[in-house]
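Structure below is final.txt: compact mmCIF, C-alpha atoms.
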# COMPACT_ATOMS: atom_id res chain seq x y z
CA MET B 1 -3.38 -67.83 -21.85
CA ALA B 2 -6.36 -67.13 -19.58
CA ARG B 3 -5.74 -67.04 -15.83
CA ALA B 4 -6.68 -70.27 -14.01
CA THR B 5 -9.67 -70.12 -11.68
CA LEU B 6 -10.86 -72.28 -8.80
CA ALA B 7 -13.42 -73.77 -11.18
CA ASP B 8 -10.62 -74.82 -13.58
CA VAL B 9 -8.73 -76.52 -10.76
CA ALA B 10 -11.89 -78.21 -9.47
CA ALA B 11 -12.81 -79.54 -12.93
CA ALA B 12 -9.32 -80.93 -13.51
CA ALA B 13 -9.28 -82.63 -10.10
CA GLY B 14 -12.84 -83.93 -10.46
CA VAL B 15 -14.02 -82.28 -7.25
CA SER B 16 -16.19 -79.33 -6.24
CA VAL B 17 -15.01 -75.75 -5.88
CA PRO B 18 -15.65 -75.81 -2.09
CA THR B 19 -13.38 -78.87 -1.84
CA VAL B 20 -10.59 -77.00 -3.63
CA SER B 21 -11.07 -74.10 -1.22
CA LYS B 22 -10.78 -76.47 1.74
CA VAL B 23 -7.52 -77.92 0.44
CA LEU B 24 -5.99 -74.50 -0.28
CA SER B 25 -7.00 -73.13 3.11
CA GLY B 26 -5.54 -76.16 4.93
CA LYS B 27 -8.84 -77.36 6.36
CA LYS B 28 -9.30 -80.96 7.45
CA HIS B 29 -11.99 -83.47 6.43
CA VAL B 30 -10.45 -83.95 2.98
CA SER B 31 -9.01 -87.34 2.10
CA ALA B 32 -5.32 -87.63 1.27
CA ALA B 33 -6.14 -88.88 -2.24
CA THR B 34 -8.44 -85.91 -2.92
CA ARG B 35 -5.89 -83.48 -1.51
CA ASP B 36 -3.20 -84.91 -3.78
CA LYS B 37 -5.44 -84.59 -6.86
CA VAL B 38 -6.25 -80.96 -6.04
CA LEU B 39 -2.63 -80.01 -5.40
CA GLU B 40 -1.57 -81.70 -8.63
CA ALA B 41 -4.18 -79.66 -10.53
CA VAL B 42 -3.04 -76.48 -8.75
CA ARG B 43 0.54 -77.13 -9.90
CA ALA B 44 -0.55 -77.97 -13.43
CA PHE B 45 -2.53 -74.75 -13.81
CA GLY B 46 -0.08 -72.57 -11.88
CA TYR B 47 -3.03 -71.38 -9.81
CA GLU B 48 -2.33 -68.81 -7.07
CA ALA B 49 -4.86 -68.39 -4.30
CA PRO B 50 -5.95 -64.82 -3.54
CA ARG B 51 -4.68 -63.04 -0.48
CA PRO B 52 -7.18 -63.37 2.37
CA PRO B 53 -9.26 -60.21 2.82
CA SER B 54 -8.75 -60.25 6.56
CA THR B 55 -5.00 -59.54 6.33
CA PRO B 56 -4.11 -56.85 8.92
CA ARG B 57 -3.08 -53.42 7.71
CA VAL B 58 0.60 -52.96 6.96
CA GLY B 59 0.63 -49.19 6.41
CA LEU B 60 1.56 -49.35 2.71
CA VAL B 61 -0.18 -48.27 -0.49
CA ASP B 62 1.25 -49.24 -3.87
CA LEU B 63 1.24 -46.95 -6.90
CA LEU B 64 1.85 -48.78 -10.18
CA ILE B 65 2.45 -46.26 -12.97
CA ASP B 66 3.53 -46.42 -16.62
CA GLY B 67 6.53 -44.13 -16.28
CA LEU B 68 8.27 -41.80 -13.87
CA GLY B 69 9.98 -39.24 -16.09
CA SER B 70 7.17 -37.05 -17.40
CA PRO B 71 6.14 -33.82 -15.63
CA TRP B 72 2.61 -35.25 -15.40
CA ALA B 73 3.87 -38.32 -13.54
CA GLN B 74 6.05 -36.28 -11.20
CA VAL B 75 3.13 -34.11 -10.11
CA LEU B 76 0.93 -37.15 -9.64
CA ILE B 77 3.53 -39.05 -7.59
CA LYS B 78 4.17 -36.04 -5.37
CA GLY B 79 0.43 -35.72 -4.78
CA ALA B 80 0.15 -39.44 -4.02
CA GLU B 81 3.01 -39.25 -1.49
CA GLN B 82 1.35 -36.35 0.30
CA ALA B 83 -2.01 -38.12 0.23
CA ALA B 84 -0.55 -41.35 1.58
CA SER B 85 0.97 -39.48 4.51
CA ARG B 86 -2.32 -37.66 5.11
CA TRP B 87 -4.26 -40.92 5.26
CA GLY B 88 -1.71 -42.82 7.36
CA PHE B 89 0.22 -44.80 4.74
CA SER B 90 3.66 -44.95 3.18
CA LEU B 91 3.74 -45.00 -0.63
CA VAL B 92 5.56 -47.61 -2.71
CA VAL B 93 6.02 -46.52 -6.34
CA THR B 94 6.72 -48.98 -9.17
CA SER B 95 7.17 -48.13 -12.84
CA SER B 96 5.69 -50.62 -15.29
CA ALA B 97 7.64 -48.94 -18.11
CA ARG B 98 10.81 -50.89 -17.28
CA ALA B 99 11.81 -53.34 -19.97
CA ASP B 100 12.04 -56.14 -17.41
CA PHE B 101 8.70 -55.43 -15.71
CA ASP B 102 6.45 -58.46 -15.37
CA LEU B 103 3.02 -58.02 -13.82
CA ARG B 104 2.82 -61.53 -12.35
CA ARG B 105 6.23 -61.17 -10.74
CA TRP B 106 5.22 -57.79 -9.30
CA ILE B 107 2.04 -59.32 -7.89
CA GLY B 108 4.14 -62.04 -6.27
CA ILE B 109 6.44 -59.47 -4.65
CA VAL B 110 3.51 -57.48 -3.30
CA ARG B 111 1.87 -60.66 -1.98
CA LYS B 112 4.97 -61.53 0.01
CA ARG B 113 5.35 -58.16 1.71
CA SER B 114 1.60 -57.26 1.70
CA THR B 115 -0.08 -53.96 0.91
CA ASP B 116 -3.22 -52.16 2.03
CA GLY B 117 -4.29 -51.02 -1.42
CA ILE B 118 -3.23 -50.30 -4.97
CA VAL B 119 -3.54 -47.25 -7.20
CA LEU B 120 -3.12 -48.10 -10.88
CA VAL B 121 -2.05 -45.50 -13.45
CA LEU B 122 -1.60 -47.63 -16.54
CA SER B 123 -2.33 -46.54 -20.11
CA ARG B 124 -2.55 -50.11 -21.32
CA ALA B 125 -3.93 -52.14 -18.40
CA ASN B 126 -6.40 -54.69 -19.76
CA GLN B 127 -9.25 -56.34 -17.91
CA GLU B 128 -7.33 -59.60 -17.52
CA GLU B 129 -4.45 -57.84 -15.76
CA ILE B 130 -6.78 -55.90 -13.52
CA ALA B 131 -8.66 -59.09 -12.67
CA ALA B 132 -5.37 -60.80 -11.75
CA ILE B 133 -4.51 -57.99 -9.35
CA GLU B 134 -7.99 -58.15 -7.81
CA GLU B 135 -8.03 -61.91 -7.33
CA LEU B 136 -4.46 -62.50 -6.21
CA LEU B 137 -4.00 -59.50 -3.91
CA HIS B 138 -7.57 -59.01 -2.70
CA VAL B 139 -7.07 -55.43 -1.51
CA PRO B 140 -8.83 -52.18 -2.44
CA LEU B 141 -7.97 -51.18 -6.01
CA VAL B 142 -8.40 -47.72 -7.56
CA LEU B 143 -7.75 -46.76 -11.17
CA LEU B 144 -6.48 -43.21 -11.48
CA ASP B 145 -7.18 -41.36 -14.76
CA PRO B 146 -8.36 -44.67 -16.21
CA VAL B 147 -8.16 -45.50 -19.89
CA GLY B 148 -10.48 -47.66 -21.93
CA GLN B 149 -14.08 -48.35 -21.00
CA ARG B 150 -14.79 -48.17 -17.29
CA ASP B 151 -15.51 -51.33 -15.31
CA PRO B 152 -18.33 -50.27 -12.95
CA ARG B 153 -17.12 -52.71 -10.28
CA ILE B 154 -13.80 -50.89 -9.82
CA SER B 155 -13.34 -47.51 -8.18
CA THR B 156 -11.90 -44.83 -10.44
CA VAL B 157 -10.74 -41.23 -10.08
CA GLY B 158 -10.47 -39.02 -13.12
CA ALA B 159 -10.98 -35.52 -14.45
CA THR B 160 -13.76 -33.95 -16.51
CA ASN B 161 -12.03 -34.53 -19.83
CA TRP B 162 -15.07 -33.67 -21.93
CA SER B 163 -15.48 -30.30 -20.22
CA GLY B 164 -11.76 -29.68 -20.62
CA GLY B 165 -12.05 -30.32 -24.34
CA VAL B 166 -14.97 -27.92 -24.55
CA MET B 167 -13.10 -25.19 -22.66
CA ALA B 168 -9.91 -25.48 -24.70
CA THR B 169 -11.73 -25.41 -28.03
CA THR B 170 -14.17 -22.70 -26.99
CA HIS B 171 -11.24 -20.48 -26.01
CA LEU B 172 -9.76 -20.84 -29.50
CA LEU B 173 -13.10 -20.33 -31.23
CA GLU B 174 -13.78 -17.20 -29.19
CA LEU B 175 -10.45 -15.83 -30.37
CA GLY B 176 -11.67 -16.27 -33.94
CA HIS B 177 -9.97 -19.51 -34.99
CA THR B 178 -12.06 -21.69 -37.32
CA ARG B 179 -9.37 -24.17 -38.43
CA ILE B 180 -8.34 -25.89 -35.21
CA GLY B 181 -6.23 -29.03 -35.27
CA PHE B 182 -6.71 -31.77 -32.68
CA ILE B 183 -3.86 -34.06 -31.63
CA GLY B 184 -5.08 -36.60 -29.10
CA GLY B 185 -3.57 -39.58 -27.36
CA PRO B 186 -4.24 -43.17 -28.43
CA LEU B 187 -7.66 -43.59 -30.01
CA ASP B 188 -8.60 -46.39 -27.60
CA THR B 189 -8.18 -44.27 -24.46
CA GLN B 190 -11.33 -42.87 -22.89
CA CYS B 191 -9.74 -39.55 -21.98
CA THR B 192 -8.81 -38.97 -25.64
CA LEU B 193 -12.33 -39.79 -26.79
CA ASP B 194 -13.84 -37.50 -24.15
CA ARG B 195 -11.54 -34.59 -25.05
CA TYR B 196 -12.29 -35.06 -28.72
CA GLU B 197 -16.03 -35.12 -28.05
CA GLY B 198 -15.58 -31.85 -26.17
CA TYR B 199 -13.71 -30.44 -29.16
CA LEU B 200 -16.62 -31.42 -31.43
CA ALA B 201 -19.25 -30.10 -29.02
CA ALA B 202 -17.62 -26.68 -28.88
CA HIS B 203 -17.61 -26.50 -32.68
CA ARG B 204 -21.30 -27.39 -32.75
CA THR B 205 -22.07 -24.62 -30.29
CA PHE B 206 -20.45 -22.12 -32.65
CA GLY B 207 -22.15 -23.61 -35.70
CA ILE B 208 -18.82 -24.61 -37.25
CA ASP B 209 -18.05 -27.96 -38.87
CA PRO B 210 -14.51 -29.00 -37.89
CA ASP B 211 -12.34 -30.34 -40.68
CA PRO B 212 -11.77 -34.06 -39.96
CA ALA B 213 -8.50 -33.82 -41.88
CA LEU B 214 -7.09 -31.81 -38.95
CA THR B 215 -7.48 -34.63 -36.40
CA ARG B 216 -4.58 -36.88 -35.38
CA TYR B 217 -4.10 -39.49 -32.66
CA GLY B 218 -0.69 -39.88 -31.04
CA ASP B 219 0.86 -41.05 -27.79
CA PHE B 220 0.75 -38.05 -25.40
CA LEU B 221 4.54 -37.64 -25.85
CA ILE B 222 6.70 -34.86 -27.30
CA SER B 223 7.69 -37.07 -30.22
CA GLY B 224 4.04 -37.60 -31.17
CA GLY B 225 3.26 -33.90 -30.91
CA ARG B 226 6.21 -33.08 -33.14
CA GLU B 227 5.35 -35.72 -35.73
CA PHE B 228 1.67 -34.93 -36.01
CA GLY B 229 2.24 -31.22 -35.57
CA ALA B 230 4.58 -31.33 -38.57
CA ASP B 231 1.96 -33.28 -40.51
CA LEU B 232 -0.67 -30.62 -39.84
CA LEU B 233 1.63 -27.64 -40.40
CA ASP B 234 2.88 -28.98 -43.73
CA ARG B 235 -0.63 -28.89 -45.15
CA PRO B 236 -1.36 -26.11 -47.67
CA ASP B 237 -4.48 -25.31 -45.63
CA ARG B 238 -2.78 -25.69 -42.25
CA PRO B 239 -4.64 -24.91 -39.02
CA THR B 240 -4.24 -21.58 -37.27
CA ALA B 241 -4.53 -23.30 -33.88
CA VAL B 242 -3.89 -26.73 -32.35
CA PHE B 243 -5.47 -28.33 -29.30
CA ALA B 244 -2.99 -30.94 -28.05
CA GLY B 245 -4.01 -33.81 -25.78
CA SER B 246 -1.15 -33.21 -23.33
CA ASP B 247 1.40 -30.55 -22.47
CA LEU B 248 4.12 -32.85 -23.80
CA GLN B 249 2.36 -33.08 -27.16
CA ALA B 250 2.00 -29.31 -27.16
CA ALA B 251 5.77 -29.02 -26.64
CA GLY B 252 6.21 -31.24 -29.69
CA VAL B 253 3.93 -28.94 -31.70
CA TYR B 254 6.14 -26.01 -30.61
CA GLN B 255 9.15 -27.87 -32.01
CA ALA B 256 7.42 -28.57 -35.31
CA ALA B 257 6.41 -24.92 -35.60
CA THR B 258 9.92 -23.65 -34.81
CA GLU B 259 11.43 -25.94 -37.41
CA ARG B 260 9.14 -24.36 -40.02
CA GLY B 261 9.65 -20.80 -38.94
CA ILE B 262 6.06 -20.56 -37.64
CA ARG B 263 5.77 -18.32 -34.59
CA VAL B 264 3.65 -19.19 -31.54
CA PRO B 265 1.21 -17.52 -30.98
CA ASP B 266 1.47 -14.95 -33.81
CA GLU B 267 1.01 -17.56 -36.53
CA LEU B 268 -0.14 -20.59 -34.52
CA SER B 269 -2.05 -20.74 -31.26
CA VAL B 270 -1.50 -23.84 -29.11
CA VAL B 271 -3.44 -25.23 -26.13
CA GLY B 272 -2.27 -28.22 -24.08
CA PHE B 273 -3.78 -30.42 -21.40
CA ASP B 274 -2.57 -31.21 -17.83
CA ASP B 275 -1.01 -27.93 -16.58
CA SER B 276 2.26 -29.62 -15.71
CA MET B 277 5.37 -27.76 -14.54
CA LEU B 278 6.50 -27.76 -18.18
CA CYS B 279 3.95 -25.06 -19.12
CA GLU B 280 5.74 -22.14 -17.46
CA MET B 281 9.09 -23.26 -18.90
CA MET B 282 7.92 -23.19 -22.49
CA SER B 283 8.38 -20.11 -24.62
CA PRO B 284 5.83 -18.64 -24.77
CA PRO B 285 4.23 -20.10 -21.61
CA LEU B 286 1.54 -22.58 -22.59
CA THR B 287 -2.20 -22.08 -22.34
CA THR B 288 -3.57 -25.40 -21.09
CA VAL B 289 -6.36 -27.27 -19.34
CA ARG B 290 -5.50 -28.05 -15.75
CA GLN B 291 -6.10 -31.51 -14.36
CA PRO B 292 -6.07 -31.42 -10.54
CA LEU B 293 -3.57 -34.28 -10.33
CA ASP B 294 -2.76 -33.70 -6.66
CA ASP B 295 -6.45 -33.80 -5.75
CA MET B 296 -6.97 -36.88 -7.93
CA ALA B 297 -4.15 -38.69 -6.11
CA ASN B 298 -5.60 -37.69 -2.75
CA GLU B 299 -9.03 -39.02 -3.69
CA ALA B 300 -7.55 -42.33 -4.86
CA VAL B 301 -5.74 -42.90 -1.56
CA ARG B 302 -8.78 -41.71 0.40
CA LEU B 303 -10.95 -44.29 -1.36
CA ILE B 304 -8.51 -47.02 -0.31
CA SER B 305 -8.62 -45.85 3.31
CA GLU B 306 -12.41 -45.66 3.18
CA GLU B 307 -12.73 -49.15 1.69
CA LEU B 308 -10.51 -50.60 4.42
CA THR B 309 -12.72 -49.04 7.07
CA HIS B 310 -16.12 -49.47 5.40
CA PRO B 311 -16.05 -52.10 2.62
CA ARG B 312 -18.45 -51.11 -0.17
CA GLY B 313 -19.26 -54.45 -1.72
CA PRO B 314 -19.17 -55.24 -5.44
CA ALA B 315 -19.90 -51.79 -6.92
CA GLY B 316 -17.10 -49.27 -7.39
CA THR B 317 -17.07 -45.52 -6.85
CA ARG B 318 -16.55 -43.05 -9.70
CA ILE B 319 -15.09 -39.62 -8.91
CA GLU B 320 -14.54 -36.93 -11.53
CA LEU B 321 -12.79 -33.71 -10.53
CA ALA B 322 -13.25 -30.47 -12.44
CA THR B 323 -10.78 -29.27 -15.07
CA THR B 324 -10.07 -25.57 -15.56
CA LEU B 325 -8.61 -23.51 -18.39
CA VAL B 326 -5.34 -21.70 -17.60
CA VAL B 327 -4.73 -18.96 -20.17
CA ARG B 328 -1.12 -17.96 -20.76
CA ALA B 329 0.72 -16.55 -23.78
CA SER B 330 0.45 -19.31 -26.40
CA THR B 331 -2.93 -18.23 -27.79
CA THR B 332 -4.08 -15.10 -29.60
CA ARG B 333 -6.37 -14.01 -32.41
CA PRO B 334 -5.52 -15.36 -35.86
CA LYS B 335 -4.06 -13.00 -38.42
CA PRO B 336 -6.57 -11.77 -40.99
Mind converting the file's structure to structure tokens?
Amino acid sequence: MARATLADVAAAAGVSVPTVSKVLSGKKHVSAATRDKVLEAVRAFGYEAPRPPSTPRVGLVDLLIDGLGSPWAQVLIKGAEQAASRWGFSLVVTSSARADFDLRRWIGIVRKRSTDGIVLVLSRANQEEIAAIEELLHVPLVLLDPVGQRDPRISTVGATNWSGGVMATTHLLELGHTRIGFIGGPLDTQCTLDRYEGYLAAHRTFGIDPDPALTRYGDFLISGGREFGADLLDRPDRPTAVFAGSDLQAAGVYQAATERGIRVPDELSVVGFDDSMLCEMMSPPLTTVRQPLDDMANEAVRLISEELTHPRGPAGTRIELATTLVVRASTTRPKP
């Protein structure tokens, strides 16, 4: 069901939008009968008025994130905590991955205690949910590593995913690999599309047509890397290298290779994405593309502080931070 708006309430009550605003703000010069009609429509629609923009600062920034357990999330949260302290806030972290999480209830909790801004890290946030947060909380909102198509009105902080895809694939091509598998995240996420476009661009630069049969889309998790890694490695014409869309997926590819007696990197080179703490723990240590997660978190909190001090207006800010290739021991030249 679509979220109720002031216009919906006004139409149901048979009054103008300014009249609804007067009733909700407690202003006078509205008849008792009109006020009753408006309040009845408000109750019928379950309409919640947005938080006034003039609310004083409370010294809190909220981070709403899909999950807390992954190495990627841990690095990001640590960076956000440090950034919040640097910019004069305390950080409140909420995981939306809980089975009992309800966005509307979370919004209600935040409304009651107030917040100075929100950083969203959600792989499945849709425009309706984002609009609800905007309208009901009315505080600066920043999407970190956003997925889906970007809304130009909302500030975002991300990484150069396309360049990262180019660097990872170029590294493998320079080693001599010509059959390179690609295991991305969900197909509808912008970062996956950008990394895949980088993968294709690198192939074009080398004059090589990548085999579309070696492309898979997963979920950025170990389980997905293992499943799709097994799928690729069971092919009679299996790839000699795999570019995984996350370090967790790369760990899953390691598992699939081990189960089949395929040695990394002697028989299979693997590149990940993120440069999480997991990379050094893997055997062999993982070559990967580094996302500057700590810097990304700092920029997100800085944008909130900046917006509180100097409101920008309707247009959002887009920041992309550079990715870099970190070469370790999981890649080598293919066997002749």
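Ranking B:Leu137, B:Ala33, B:Arg104, B:Trp72 by their shortest atom-to-atom distance to Gly46 (chain B), with only C-alpha atoms included, puts B:Arg104 first.
Going from CA of Leu141 (chain B) to CA of Val157 (chain B) covers 11.1 Å.
Residue nearest Gln82 (chain B) within the list B:Tyr217, B:Pro336, B:Arg113, B:Asn298: B:Asn298 [criterion: smallest interatomic distance, only C-alpha atoms].
The residue that comes closest to Gly164 (chain B), out of B:Ile107, B:Ala201, B:Val121, B:Met282 and on the basis of only C-alpha atoms, is B:Ala201.
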Around all listed atoms of region 316-331 of chain B, padded 6 Å per side, what centre and edge lengths does the axis-aligned box have in Å to one decimal, as lines of an AutoDock Vina configuration file?
center_x = -8.2
center_y = -32.9
center_z = -17.3
size_x = 29.8
size_y = 44.7
size_z = 32.9
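CA of Gln255 (chain B) sits 26.6 Å away from CA of Pro292 (chain B).
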With all atoms listed in the file as the basis for distance, which of B:Leu68, B:Val301, B:Leu76, B:Cys191 is at the shortest distance from Ser95 (chain B)?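 Nearest to Ser95 (chain B): B:Leu68.
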Point out the residue among B:Gly67, B:Gly108, B:Gly59, B:Gly261 with the least atom-to-atom distance to Gly88 (chain B), counting only C-alpha atoms.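 When distances to Gly88 (chain B) are compared using only C-alpha atoms, the smallest one comes from B:Gly59.
With distances restricted to all atoms listed in the file, B:Gly181 is the closest residue to Arg235 (chain B) from B:Leu321, B:Val58, B:Thr189, B:Gly181.
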Mind pulling up the distance from CA of Gln249 (chain B) to CA of Leu63 (chain B)?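 Answer for the CA of Leu63 (chain B) to CA of Gln249 (chain B) separation: 24.6 Å.
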Need to verify the contact set: region 224-234 of chain B, 7 Å, all atoms listed in the file, exclusion of same-chain residues closer than 3 positions in sequence. Can you return it as a VMD selection string? chain B and resid 214 216 218 to 221 238 to 239 249 to 253 255 to 256
Ile77 (chain B) surroundings by only C-alpha atoms, 8 Å radius, close-in-sequence under 3 positions cut, as JSON, numbers by chain: {"B": [73, 74, 80, 81, 93, 297]}
Extract region 152-165 of chain B from the structure I just pasted (atoms: N, CA, C and O atoms) and return it as a CSV table (one decimal), in the first residue's frame.
chain,number,residue,atom,x,y,z
B,152,PRO,N,19.0,11.2,-7.9
B,152,PRO,CA,19.9,12.4,-7.8
B,152,PRO,C,19.6,13.3,-6.7
B,152,PRO,O,20.4,14.2,-6.4
B,153,ARG,N,18.5,13.2,-6.1
B,153,ARG,CA,18.1,14.1,-5.0
B,153,ARG,C,18.8,13.7,-3.7
B,153,ARG,O,18.9,14.5,-2.7
B,154,ILE,N,19.3,12.5,-3.6
B,154,ILE,CA,19.8,12.0,-2.3
B,154,ILE,C,21.3,11.8,-2.4
B,154,ILE,O,21.9,11.3,-3.4
B,155,SER,N,22.0,12.3,-1.3
B,155,SER,CA,23.4,12.2,-1.3
B,155,SER,C,23.9,10.7,-1.2
B,155,SER,O,23.3,9.9,-0.4
B,156,THR,N,24.9,10.4,-1.9
B,156,THR,CA,25.4,9.0,-1.9
B,156,THR,C,27.0,9.0,-1.8
B,156,THR,O,27.6,9.9,-2.3
B,157,VAL,N,27.5,8.0,-1.2
B,157,VAL,CA,29.0,7.8,-1.1
B,157,VAL,C,29.2,6.4,-1.6
B,157,VAL,O,28.6,5.4,-1.0
B,158,GLY,N,30.1,6.2,-2.5
B,158,GLY,CA,30.4,4.9,-3.0
B,158,GLY,C,31.8,4.8,-3.5
B,158,GLY,O,32.7,5.7,-3.2
B,159,ALA,N,32.2,3.7,-4.1
B,159,ALA,CA,33.5,3.5,-4.6
B,159,ALA,C,33.5,3.3,-6.2
B,159,ALA,O,32.4,3.1,-6.7
B,160,THR,N,34.6,3.4,-6.8
B,160,THR,CA,34.7,3.3,-8.2
B,160,THR,C,34.7,1.9,-8.6
B,160,THR,O,35.7,1.3,-8.9
B,161,ASN,N,33.5,1.3,-8.6
B,161,ASN,CA,33.3,-0.1,-8.9
B,161,ASN,C,33.7,-0.5,-10.3
B,161,ASN,O,34.3,-1.6,-10.5
B,162,TRP,N,33.4,0.4,-11.3
B,162,TRP,CA,33.8,0.1,-12.7
B,162,TRP,C,35.3,0.0,-12.8
B,162,TRP,O,35.9,-1.0,-13.3
B,163,SER,N,36.0,0.9,-12.2
B,163,SER,CA,37.5,0.9,-12.3
B,163,SER,C,38.0,-0.3,-11.5
B,163,SER,O,39.0,-1.0,-12.0
B,164,GLY,N,37.4,-0.7,-10.4
B,164,GLY,CA,37.8,-1.9,-9.7
B,164,GLY,C,37.7,-3.1,-10.5
B,164,GLY,O,38.5,-4.0,-10.5
B,165,GLY,N,36.5,-3.2,-11.3
B,165,GLY,CA,36.3,-4.3,-12.2
B,165,GLY,C,37.4,-4.4,-13.3
B,165,GLY,O,37.9,-5.5,-13.7
